[in-house]
$ cat run-v5.cif   # mmCIF, C-alpha atoms
data_coords
#
loop_
_atom_site.label_atom_id
_atom_site.label_comp_id
_atom_site.auth_asym_id
_atom_site.auth_seq_id
_atom_site.Cartn_x
_atom_site.Cartn_y
_atom_site.Cartn_z
CA MET A 15 -44.61 -15.28 -11.81
CA GLU A 16 -41.23 -13.65 -12.11
CA GLN A 17 -38.38 -16.01 -11.51
CA THR A 18 -35.84 -14.89 -8.92
CA LEU A 19 -32.42 -16.21 -8.01
CA GLU A 20 -31.28 -16.40 -4.44
CA PHE A 21 -27.69 -16.02 -3.31
CA THR A 22 -25.77 -14.44 -0.45
CA ILE A 23 -23.46 -11.45 -0.08
CA ASP A 24 -21.38 -11.55 3.10
CA GLY A 25 -23.87 -14.08 4.42
CA LEU A 26 -26.93 -11.88 3.83
CA PRO A 27 -29.65 -13.32 1.58
CA VAL A 28 -30.04 -11.40 -1.70
CA THR A 29 -32.38 -11.95 -4.63
CA ALA A 30 -31.80 -11.11 -8.27
CA ALA A 31 -33.70 -11.37 -11.53
CA PRO A 32 -32.11 -13.65 -14.12
CA GLY A 33 -29.35 -11.76 -15.95
CA GLU A 34 -29.09 -9.11 -13.24
CA THR A 35 -25.54 -8.34 -12.12
CA ILE A 36 -24.26 -8.89 -8.60
CA MET A 37 -23.88 -5.13 -8.24
CA ALA A 38 -27.47 -4.36 -9.27
CA ALA A 39 -28.77 -7.00 -6.86
CA ALA A 40 -26.55 -5.65 -4.10
CA ASP A 41 -27.78 -2.10 -4.69
CA ALA A 42 -31.38 -3.28 -4.48
CA ALA A 43 -30.61 -5.12 -1.26
CA GLY A 44 -28.99 -2.08 0.37
CA ILE A 45 -25.44 -3.39 0.15
CA TYR A 46 -22.82 -1.02 -1.23
CA ILE A 47 -20.08 -2.38 -3.45
CA PRO A 48 -17.51 0.36 -4.20
CA ARG A 49 -17.26 1.30 -7.88
CA LEU A 50 -15.93 3.97 -10.21
CA CYS A 51 -16.52 2.89 -13.80
CA ALA A 52 -19.96 1.44 -13.13
CA MET A 53 -22.85 3.87 -13.42
CA LYS A 54 -26.56 3.28 -13.37
CA GLY A 55 -28.00 3.63 -16.86
CA LEU A 56 -24.77 2.70 -18.64
CA SER A 57 -23.71 -0.71 -19.87
CA PRO A 58 -21.20 -2.45 -17.56
CA PHE A 59 -17.57 -1.97 -18.46
CA GLY A 60 -15.44 -3.69 -15.81
CA ALA A 61 -12.49 -1.33 -16.11
CA CYS A 62 -11.72 -0.04 -12.64
CA ARG A 63 -11.93 -3.37 -10.76
CA LEU A 64 -12.95 -1.59 -7.55
CA CYS A 65 -16.09 -3.67 -7.40
CA THR A 66 -14.13 -6.91 -7.39
CA VAL A 67 -15.83 -9.41 -5.10
CA LEU A 68 -15.12 -13.04 -4.39
CA VAL A 69 -17.71 -15.32 -5.95
CA ASP A 70 -17.35 -18.81 -4.50
CA GLY A 71 -13.76 -17.83 -3.79
CA ARG A 72 -12.96 -16.45 -7.25
CA SER A 73 -12.41 -12.79 -8.10
CA GLN A 74 -15.14 -11.28 -10.29
CA SER A 75 -16.16 -7.72 -11.03
CA ALA A 76 -19.59 -7.29 -9.50
CA CYS A 77 -20.65 -4.82 -12.22
CA THR A 78 -20.26 -7.35 -15.02
CA GLN A 79 -20.88 -10.72 -13.36
CA PRO A 80 -24.51 -11.91 -13.54
CA ALA A 81 -25.91 -13.28 -10.32
CA ALA A 82 -26.52 -17.02 -10.16
CA ALA A 83 -28.56 -19.06 -7.74
CA GLY A 84 -26.69 -20.23 -4.69
CA MET A 85 -23.50 -18.26 -5.29
CA VAL A 86 -21.61 -17.16 -2.21
CA VAL A 87 -20.34 -13.60 -2.64
CA GLU A 88 -17.83 -11.94 -0.36
CA ASN A 89 -17.73 -8.15 -0.52
CA ASP A 90 -16.86 -6.42 2.73
CA THR A 91 -13.77 -8.37 3.74
CA GLU A 92 -10.48 -6.99 4.99
CA GLN A 93 -8.63 -8.43 2.02
CA LEU A 94 -10.99 -7.01 -0.63
CA GLN A 95 -11.18 -3.61 1.05
CA GLY A 96 -7.36 -3.63 1.13
CA PHE A 97 -7.21 -4.39 -2.60
CA ARG A 98 -9.70 -1.58 -3.27
CA LYS A 99 -7.66 0.83 -1.20
CA ASN A 100 -4.58 -0.09 -3.23
CA LEU A 101 -6.46 0.52 -6.48
CA ILE A 102 -7.52 3.97 -5.28
CA ASP A 103 -3.93 4.70 -4.20
CA MET A 104 -2.69 3.70 -7.65
CA LEU A 105 -5.24 5.92 -9.40
CA PHE A 106 -4.05 8.86 -7.33
CA VAL A 107 -0.36 8.40 -8.09
CA GLU A 108 -0.69 7.45 -11.75
CA GLY A 109 -2.49 10.69 -12.66
CA ASN A 110 -2.08 14.27 -11.50
CA HIS A 111 -4.80 14.80 -8.93
CA PHE A 112 -4.34 18.27 -7.47
CA CYS A 113 -7.53 18.23 -5.40
CA MET A 114 -6.80 21.61 -3.86
CA ALA A 115 -7.11 23.28 -7.26
CA CYS A 116 -9.79 21.08 -8.85
CA GLU A 117 -13.31 22.34 -9.42
CA LYS A 118 -14.68 18.81 -8.97
CA SER A 119 -13.30 18.60 -5.41
CA GLY A 120 -16.09 17.70 -2.99
CA ASN A 121 -18.17 16.19 -5.79
CA CYS A 122 -15.47 13.83 -7.11
CA GLU A 123 -16.11 10.10 -6.80
CA LEU A 124 -12.43 9.18 -6.74
CA GLN A 125 -11.78 11.63 -3.90
CA ALA A 126 -14.95 10.50 -2.13
CA LEU A 127 -13.81 6.88 -2.27
CA ALA A 128 -10.45 7.86 -0.83
CA TYR A 129 -12.31 9.64 1.99
CA ARG A 130 -14.55 6.64 2.55
CA PHE A 131 -11.53 4.37 2.77
CA GLY A 132 -9.83 6.81 5.14
CA ILE A 133 -6.81 7.22 2.87
CA LEU A 134 -4.52 9.91 4.28
CA ALA A 135 -1.75 9.49 1.70
CA PRO A 136 -1.19 7.03 -1.15
CA LYS A 137 1.47 4.47 -0.38
CA TYR A 138 2.93 4.43 -3.88
CA GLN A 139 5.32 6.87 -5.50
CA TYR A 140 3.80 9.76 -7.41
CA GLN A 141 4.40 9.44 -11.15
CA PHE A 142 3.69 13.05 -12.19
CA PRO A 143 3.00 11.98 -15.81
CA GLN A 144 2.89 14.44 -18.68
CA ARG A 145 -0.71 14.70 -19.88
CA GLU A 146 -2.23 17.03 -22.45
CA ILE A 147 -5.41 19.01 -21.90
CA ASP A 148 -7.96 19.70 -24.63
CA ALA A 149 -9.48 23.15 -24.14
CA SER A 150 -10.36 23.58 -27.81
CA HIS A 151 -14.13 23.56 -27.29
CA PRO A 152 -15.71 26.83 -26.10
CA ASP A 153 -17.86 25.09 -23.45
CA VAL A 154 -16.11 21.80 -22.70
CA LEU A 155 -12.74 21.08 -21.11
CA LEU A 156 -10.89 17.78 -21.07
CA ASP A 157 -8.12 17.63 -18.46
CA ARG A 158 -6.42 14.27 -18.94
CA ASN A 159 -4.36 14.81 -15.77
CA ARG A 160 -7.48 13.78 -13.85
CA CYS A 161 -8.83 11.15 -16.25
CA ILE A 162 -9.04 7.64 -14.80
CA LEU A 163 -10.05 5.92 -18.08
CA CYS A 164 -13.40 4.73 -16.71
CA ALA A 165 -15.06 5.29 -20.11
CA ARG A 166 -18.21 6.63 -18.50
CA CYS A 167 -18.16 9.63 -20.89
CA VAL A 168 -17.55 7.35 -23.87
CA ARG A 169 -20.47 5.10 -22.96
CA ALA A 170 -22.79 7.97 -21.93
CA SER A 171 -22.11 9.71 -25.22
CA GLN A 172 -22.98 6.60 -27.20
CA GLU A 173 -25.78 5.19 -25.10
CA LEU A 174 -27.50 8.29 -23.70
CA ASP A 175 -26.58 11.18 -26.01
CA GLY A 176 -26.60 9.15 -29.23
CA LYS A 177 -23.25 10.66 -30.15
CA GLU A 178 -19.68 9.47 -30.31
CA ILE A 179 -17.69 12.37 -28.93
CA ALA A 180 -14.64 10.49 -27.67
CA GLY A 181 -12.79 7.22 -27.50
CA PHE A 182 -9.54 5.73 -26.27
CA VAL A 183 -6.23 6.03 -28.08
CA GLY A 184 -3.00 4.16 -27.29
CA ARG A 185 -2.36 1.15 -25.10
CA GLY A 186 -1.00 0.44 -21.61
CA GLY A 187 0.46 3.49 -19.94
CA GLU A 188 -0.06 5.47 -23.14
CA LYS A 189 -3.81 4.92 -23.20
CA HIS A 190 -5.73 8.17 -23.12
CA LEU A 191 -9.04 9.71 -23.99
CA ALA A 192 -9.28 11.58 -27.26
CA ALA A 193 -12.07 13.46 -28.99
CA SER A 194 -13.37 11.77 -32.11
CA SER A 195 -12.04 14.46 -34.38
CA GLY A 196 -8.58 15.41 -35.51
CA CYS A 197 -8.78 18.82 -33.85
CA GLY A 198 -10.04 18.06 -30.33
CA PHE A 199 -13.52 18.47 -28.89
CA VAL A 200 -14.18 21.60 -30.93
CA GLY A 201 -14.46 19.29 -33.94
CA THR A 202 -17.15 17.08 -32.33
CA ASP A 203 -20.83 17.65 -31.69
CA VAL A 204 -20.38 17.60 -27.89
CA ALA A 205 -22.62 19.99 -25.98
CA ALA A 206 -22.20 21.37 -22.48
CA ASP A 207 -25.36 19.63 -21.22
CA ASP A 208 -24.47 16.21 -22.63
CA ALA A 209 -24.90 13.23 -20.32
CA ALA A 210 -21.26 12.46 -21.18
CA LEU A 211 -20.08 15.43 -19.12
CA ALA A 212 -22.35 14.65 -16.19
CA ALA A 213 -21.09 11.05 -16.25
CA CYS A 214 -17.46 11.96 -15.50
CA PRO A 215 -16.77 10.81 -11.92
CA VAL A 216 -13.68 13.03 -11.61
CA GLY A 217 -12.72 16.47 -12.86
CA ALA A 218 -11.55 15.32 -16.29
CA LEU A 219 -14.45 16.22 -18.58
CA LEU A 220 -15.92 19.49 -17.41
CA ARG A 221 -18.32 22.16 -18.46
CA LYS A 222 -16.45 25.45 -18.59
CA ARG A 223 -17.25 28.48 -16.43
CA VAL A 224 -19.42 26.75 -13.82
CA GLY A 225 -16.72 25.51 -11.44
CA PHE A 226 -16.69 26.21 -7.71
CA SER A 227 -20.37 27.19 -7.78
CA THR A 228 -21.19 25.09 -4.69
CA PRO A 229 -19.72 26.40 -1.44
CA ILE A 230 -17.50 24.11 0.63
CA GLY A 231 -19.73 22.37 3.15
CA GLN A 232 -22.61 21.93 0.69
CA ARG A 233 -20.91 19.65 -1.81
CA LYS A 234 -22.02 16.10 -2.40
CA TYR A 235 -19.43 14.30 -0.29
CA ASP A 236 -18.63 16.98 2.30
CA HIS A 237 -20.57 15.26 5.08
CA GLN A 238 -21.61 11.78 3.95
CA PRO A 239 -19.41 9.04 2.49
CA ILE A 240 -20.03 7.90 -1.06
CA GLY A 241 -22.27 4.86 -1.15
CA CYS A 242 -24.05 5.57 2.12
CA GLU A 243 -27.24 6.38 0.16
CA LYS A 244 -27.17 2.79 -1.09
CA GLU A 245 -26.64 1.23 2.30
CA LEU A 246 -29.66 0.16 4.32
CA ARG A 247 -27.70 0.43 7.49
CA PRO A 248 -24.89 2.90 6.88
CA GLU A 249 -21.76 1.86 8.67
CA LYS A 250 -20.61 3.90 11.54
CA SER A 251 -18.89 6.78 9.77
CA SER A 252 -15.47 5.54 8.84
CA THR A 253 -12.55 6.58 10.95
CA THR A 254 -8.90 6.11 10.35
CA SER A 255 -6.95 4.34 12.97
CA ASP A 256 -3.38 3.78 13.81
CA VAL A 257 -3.42 1.11 11.11
CA GLN A 258 -2.85 4.15 8.86
CA LYS A 259 0.43 4.66 10.57
CA GLY A 260 3.28 4.55 8.13
CA VAL A 261 1.19 3.95 5.02
CA ALA A 262 3.94 5.29 2.81
CA SER A 263 6.82 3.60 4.51
CA MET B 19 6.83 14.80 33.91
CA SER B 20 8.22 17.48 31.63
CA LYS B 21 6.14 18.58 28.68
CA ALA B 22 6.61 16.95 25.30
CA ARG B 23 8.50 19.05 22.79
CA MET B 24 7.10 19.80 19.36
CA ALA B 25 8.81 21.25 16.29
CA THR B 26 7.20 22.57 13.12
CA VAL B 27 8.50 23.80 9.80
CA SER B 28 7.26 25.05 6.46
CA LEU B 29 9.35 23.71 3.57
CA ALA B 30 7.98 24.30 0.06
CA GLY B 31 4.69 25.47 1.53
CA CYS B 32 2.79 28.73 1.94
CA PHE B 33 2.44 28.73 5.76
CA GLY B 34 -1.27 28.08 5.25
CA CYS B 35 -1.01 24.89 7.32
CA HIS B 36 0.60 26.86 10.14
CA MET B 37 -2.23 29.38 9.87
CA SER B 38 -4.64 26.47 10.17
CA LEU B 39 -2.81 25.38 13.32
CA LEU B 40 -3.40 28.86 14.73
CA ASP B 41 -7.06 28.43 13.74
CA ILE B 42 -7.52 26.06 16.68
CA ASP B 43 -8.28 29.37 18.41
CA GLU B 44 -8.40 29.31 22.20
CA ARG B 45 -7.49 25.62 22.20
CA ILE B 46 -3.94 26.86 21.67
CA LEU B 47 -3.94 27.49 25.43
CA GLN B 48 -4.63 23.79 25.97
CA LEU B 49 -1.95 22.95 23.41
CA VAL B 50 0.75 24.85 25.30
CA GLU B 51 -0.27 22.88 28.39
CA LEU B 52 0.61 19.74 26.42
CA VAL B 53 3.72 20.84 24.54
CA GLU B 54 6.74 23.05 24.59
CA PHE B 55 7.56 24.41 21.15
CA ASP B 56 11.05 23.63 19.95
CA ARG B 57 12.28 24.68 16.50
CA SER B 58 9.29 26.37 14.85
CA PRO B 59 8.24 29.55 13.06
CA ILE B 60 5.75 29.99 15.93
CA ASN B 61 8.55 30.94 18.35
CA ASP B 62 11.14 31.68 15.64
CA PHE B 63 13.66 29.14 16.97
CA LYS B 64 15.95 28.45 14.01
CA SER B 65 17.53 25.26 15.31
CA PHE B 66 16.68 22.32 17.54
CA THR B 67 17.37 22.61 21.26
CA GLY B 68 16.69 18.95 22.03
CA ARG B 69 14.80 15.80 21.20
CA CYS B 70 11.18 16.33 20.11
CA ALA B 71 8.18 14.06 20.47
CA VAL B 72 6.40 15.42 17.41
CA GLY B 73 7.54 17.19 14.26
CA LEU B 74 5.02 18.76 11.89
CA ILE B 75 6.15 19.16 8.29
CA GLU B 76 4.36 21.57 6.01
CA GLY B 77 5.37 21.69 2.35
CA GLY B 78 7.27 19.31 0.11
CA CYS B 79 10.93 19.37 -0.89
CA CYS B 80 11.74 21.72 -3.77
CA ASN B 81 15.38 22.51 -2.96
CA GLU B 82 18.41 21.03 -1.21
CA GLU B 83 17.82 23.08 1.93
CA ASN B 84 14.34 21.54 2.28
CA VAL B 85 15.97 18.10 2.18
CA HIS B 86 18.56 19.04 4.85
CA VAL B 87 15.89 20.49 7.12
CA LEU B 88 13.59 17.51 6.61
CA ARG B 89 16.39 15.07 7.45
CA SER B 90 17.22 17.09 10.53
CA PHE B 91 13.55 16.86 11.59
CA ARG B 92 13.64 13.11 11.08
CA GLU B 93 16.75 12.92 13.24
CA HIS B 94 15.33 15.01 16.08
CA CYS B 95 11.68 13.93 16.15
CA ASP B 96 10.15 10.69 17.42
CA VAL B 97 7.04 11.08 15.27
CA LEU B 98 7.06 12.99 12.02
CA VAL B 99 3.74 14.16 10.58
CA SER B 100 3.25 15.41 7.02
CA ILE B 101 0.60 18.10 7.23
CA GLY B 102 -1.12 19.40 4.12
CA ASP B 103 -1.19 18.39 0.49
CA CYS B 104 2.20 19.96 -0.33
CA ALA B 105 4.01 17.73 2.16
CA ILE B 106 1.97 14.73 1.05
CA MET B 107 1.98 15.09 -2.74
CA GLY B 108 3.95 18.24 -3.60
CA GLY B 109 0.87 20.45 -3.88
CA LEU B 110 0.81 23.54 -6.04
CA PRO B 111 4.64 23.82 -6.20
CA ALA B 112 4.61 20.38 -7.87
CA TYR B 113 2.93 21.92 -10.91
CA ARG B 114 6.49 22.66 -12.00
CA ASN B 115 7.16 18.92 -12.17
CA PHE B 116 5.73 18.96 -15.68
CA VAL B 117 8.27 21.50 -16.94
CA PRO B 118 12.01 20.74 -17.16
CA LEU B 119 13.94 22.70 -14.51
CA LYS B 120 15.99 24.53 -17.14
CA GLU B 121 12.82 25.84 -18.79
CA CYS B 122 11.43 26.90 -15.38
CA MET B 123 14.58 28.87 -14.60
CA GLU B 124 14.69 30.48 -18.04
CA GLU B 125 11.06 31.51 -17.80
CA ALA B 126 11.59 32.98 -14.32
CA TYR B 127 14.90 34.75 -14.92
CA LEU B 128 15.26 35.29 -18.68
CA ASN B 129 12.13 35.00 -20.77
CA GLY B 130 9.25 35.99 -18.48
CA PRO B 131 7.31 39.04 -19.69
CA THR B 132 8.26 41.16 -16.65
CA VAL B 133 11.87 40.01 -16.32
CA TYR B 134 14.65 42.63 -16.41
CA ASN B 135 17.95 40.79 -16.44
CA PRO B 136 20.47 42.44 -18.77
CA SER B 137 23.36 40.19 -17.66
CA GLY B 138 21.35 37.12 -18.66
CA GLU B 139 22.64 35.25 -15.60
CA LEU B 140 20.70 32.69 -13.61
CA PRO B 141 20.96 32.79 -9.77
CA LYS B 142 24.14 30.99 -8.69
CA ASP B 143 25.02 32.51 -5.31
CA ARG B 144 26.06 29.77 -2.91
CA GLU B 145 23.63 31.27 -0.34
CA VAL B 146 20.74 30.34 -2.61
CA PRO B 147 19.79 26.68 -2.20
CA LEU B 148 19.91 24.67 -5.39
CA LEU B 149 16.56 23.60 -6.75
CA LEU B 150 15.80 19.89 -7.05
CA ASN B 151 14.86 18.52 -10.46
CA LYS B 152 11.27 18.33 -9.23
CA VAL B 153 9.22 18.82 -6.09
CA TYR B 154 9.14 15.70 -3.90
CA PRO B 155 6.55 14.62 -1.33
CA CYS B 156 8.21 14.39 2.11
CA HIS B 157 7.63 10.64 2.44
CA GLU B 158 9.72 10.10 -0.70
CA VAL B 159 12.68 11.70 1.13
CA VAL B 160 12.42 10.45 4.73
CA LYS B 161 10.13 8.11 6.63
CA ILE B 162 6.92 9.86 7.65
CA ASP B 163 4.77 8.40 10.43
CA TYR B 164 1.42 10.17 10.00
CA TYR B 165 -0.37 12.12 7.31
CA LEU B 166 -2.93 14.88 7.71
CA PRO B 167 -4.16 15.88 4.25
CA GLY B 168 -5.92 19.09 3.30
CA CYS B 169 -5.15 22.45 1.79
CA PRO B 170 -4.82 23.30 4.57
CA PRO B 171 -5.86 20.48 6.93
CA PRO B 172 -8.82 21.81 8.94
CA ALA B 173 -7.87 23.15 12.37
CA ASP B 174 -10.09 20.45 13.90
CA THR B 175 -8.09 17.79 12.05
CA LEU B 176 -4.80 19.16 13.38
CA TRP B 177 -6.27 19.43 16.87
CA ALA B 178 -7.70 15.91 16.86
CA ALA B 179 -4.45 14.39 15.60
CA LEU B 180 -2.14 16.41 17.84
CA THR B 181 -4.06 15.81 21.04
CA ALA B 182 -4.19 12.09 20.23
CA LEU B 183 -0.47 11.91 19.48
CA LEU B 184 0.50 13.93 22.55
CA THR B 185 -1.65 11.84 24.88
CA ASP B 186 -0.61 8.46 23.42
CA GLN B 187 -4.02 7.78 21.92
CA PRO B 188 -4.56 6.30 18.44
CA VAL B 189 -5.18 8.95 15.78
CA GLU B 190 -8.77 8.39 14.66
CA LEU B 191 -10.21 10.94 12.31
CA PRO B 192 -13.94 10.99 11.64
CA TYR B 193 -15.09 11.22 7.99
CA GLU B 194 -15.53 14.96 7.95
CA LEU B 195 -11.98 15.67 9.12
CA ILE B 196 -10.33 14.02 6.12
CA LYS B 197 -10.27 16.54 3.26
CA TYR B 198 -7.94 16.94 0.30
CA ASP B 199 -8.90 20.57 -0.34
#

$ encode --input "run-v5.cif" --output "structure tokens"
Amino acid sequence: MEQTLEFTIDGLPVTAAPGETIMAAADAAGIYIPRLCAMKGLSPFGACRLCTVLVDGRSQSACTQPAAAGMVVENDTEQLQGFRKNLIDMLFVEGNHFCMACEKSGNCELQALAYRFGILAPKYQYQFPQREIDASHPDVLLDRNRCILCARCVRASQELDGKEIAGFVGRGGEKHLAASSGCGFVGTDVAADDAALAACPVGALLRKRVGFSTPIGQRKYDHQPIGCEKELRPEKSSTTSDVQKGVAS
Amino acid sequence: MSKARMATVSLAGCFGCHMSLLDIDERILQLVELVEFDRSPINDFKSFTGRCAVGLIEGGCCNEENVHVLRSFREHCDVLVSIGDCAIMGGLPAYRNFVPLKECMEEAYLNGPTVYNPSGELPKDREVPLLLNKVYPCHEVVKIDYYLPGCPPPADTLWAALTALLTDQPVELPYELIKYD
């Protein structure tokens, strides 16, 4: 008989197999915990902190924290959703996210999360950082302006493609993604159909010459919020309210 | 009760957001029941005639004139709304934020492949507003009360927000009316 652990998320009973993360158990139970760097099929990374939940009152990233019997997890609270909103705001202002000109728009997980959270404008000051692009490869483009350092491409390349096309260089605000060759992606064995490209949640690592192929209105997040496919009972579609008033003041 | 007054302007924008406002189609007849247009490209009034309930700002601030106009809107309007991605984050004009202003000017007036400028002078007529060092979102210049993102914001978004604001209802936008593209 398979041993299962029982715990609660927002008061709802949830079961998990030993070693299973809070996020995996939540997904199986039809509870959506927002995430960017976590992706099914990849090892947990714990970089974006969007999935931060309170476990017995302490902050933990749900994608890395194994479930334990009897733990009390808080996920959908005003405070946590506020923190998540702030994190999304910060991701928008720390990079250069020109959604109107991005081929990932409509299929972008960062944008979709902002939509889900009803963000009308980030409340922080735009940084407009200088970021280099790597267009050296004939079929693959890296636009670091949109990169959120989630490492999904790095992990997908290692764990799914059996390659090592890229890694991180620099620290703090200087940290950026770089191809594992001295001359950009053209010097790596990356291929356009690599899982690494499909893993990018934003428009940073792209296959060239296929952008804008899906008409507006038919893209992944045009009509349904991100995460609603995971939710047993999707929330009433999110609306902004006058709480949004003066977000940037 | 007299009708509320509304002003609109396009700063460093392309007038696409104003076109989207016109895209409310026949609802514009209902809109003129609710508001009287004050300063706006819609009626071509160049200056304010009085206090306005709502001011719609399209475009960010790329030059000193944009800043003057935006401040004047803040002064004259009870509620100021940034409409469109340019007003909210600079938009396409903000692509110049990654190039020093001097280089931008030299590319445009000296070094560009189609430039003919034998005197080698950069524009310096006092009638031409000075450019800012970069393009600024409106809320980094004055206080903005509401934001309607999109490039342009869908006509339905503008309609939903305007009718709510003009009838003292909370602005509640359903999921499909919030778009950044």

$ resolve_selection --input "run-v5.cif" --expression "the PyMOL selection byres ((chain B and resi 137-140) around 7)" --output "JSON, numbers by chain"
{"B": [127, 128, 135, 136, 141, 142]}

$ resolve_selection --input "run-v5.cif" --expression "the PyMOL selection byres ((chain B) within 9 of (chain A))" --output "ChimeraX atom specification"
/B:103,106-107,109-110,112-113,115-116,154-155,157-158,160-170,188-194,196-199

$ residues_around --input "run-v5.cif" --residues "Gly201 of chain A" --least-positions-apart "6" --cutoff "12 Å" --atoms "all atoms listed in the file" --output "MDAnalysis selection string"
chainID A and resid 148:152 154 178:180 192:195

$ resolve_selection --input "run-v5.cif" --expression "the PyMOL selection byres ((chain B and resi 71) around 6)" --output "compact mmCIF listing (two decimals) with C-alpha atoms, keeping the file's coordinate frame"
# COMPACT_ATOMS: atom_id res chain seq x y z
CA ALA B 22 6.61 16.95 25.30
CA ARG B 23 8.50 19.05 22.79
CA MET B 24 7.10 19.80 19.36
CA CYS B 70 11.18 16.33 20.11
CA VAL B 72 6.40 15.42 17.41
CA CYS B 95 11.68 13.93 16.15
CA ASP B 96 10.15 10.69 17.42

$ atom_distance --input "run-v5.cif" --atom1 "atom CA of Val97 of chain B" --atom2 "atom CA of Asn84 of chain B"
18.2 Å

$ closest_residue --input "run-v5.cif" --among "A:Asn121, A:Thr35, A:Ser57, A:Thr91" --to "Arg169 of chain A" --atoms "only C-alpha atoms"
A:Ser57

$ atom_distance --input "run-v5.cif" --atom1 "atom CA of Leu149 of chain B" --atom2 "atom CA of Ala30 of chain B"
11.0 Å

$ closest_residue --input "run-v5.cif" --among "A:Pro32, A:Pro58, A:Gly25, A:Gly44" --to "Val87 of chain A" --atoms "only C-alpha atoms"
A:Gly25

$ closest_residue --input "run-v5.cif" --among "B:Asn81, B:Thr181, B:Ser90, B:Thr175" --to "Arg69 of chain B" --atoms "only C-alpha atoms"
B:Ser90

$ residues_near_point --input "run-v5.cif" --point "(-9.8, -5.5, -12.2)" --cutoff "12 Å" --atoms "only C-alpha atoms" --output "list in words"
Arg49, Leu50, Cys51, Phe59, Gly60, Ala61, Cys62, Arg63, Leu64, Cys65, Thr66, Val67, Ser73, Gln74, Ser75, Ala76, Cys77, Thr78, Leu94, Phe97, Arg98, Asn100, Leu101, Ile102 and Cys164 of chain A

$ atom_distance --input "run-v5.cif" --atom1 "atom CA of Lys222 of chain A" --atom2 "atom CA of Asp153 of chain A"
5.1 Å

$ closest_residue --input "run-v5.cif" --among "B:Leu88, B:Ala179, B:Ala105, B:Leu195" --to "Cys32 of chain B" --atoms "all atoms listed in the file"
B:Ala105
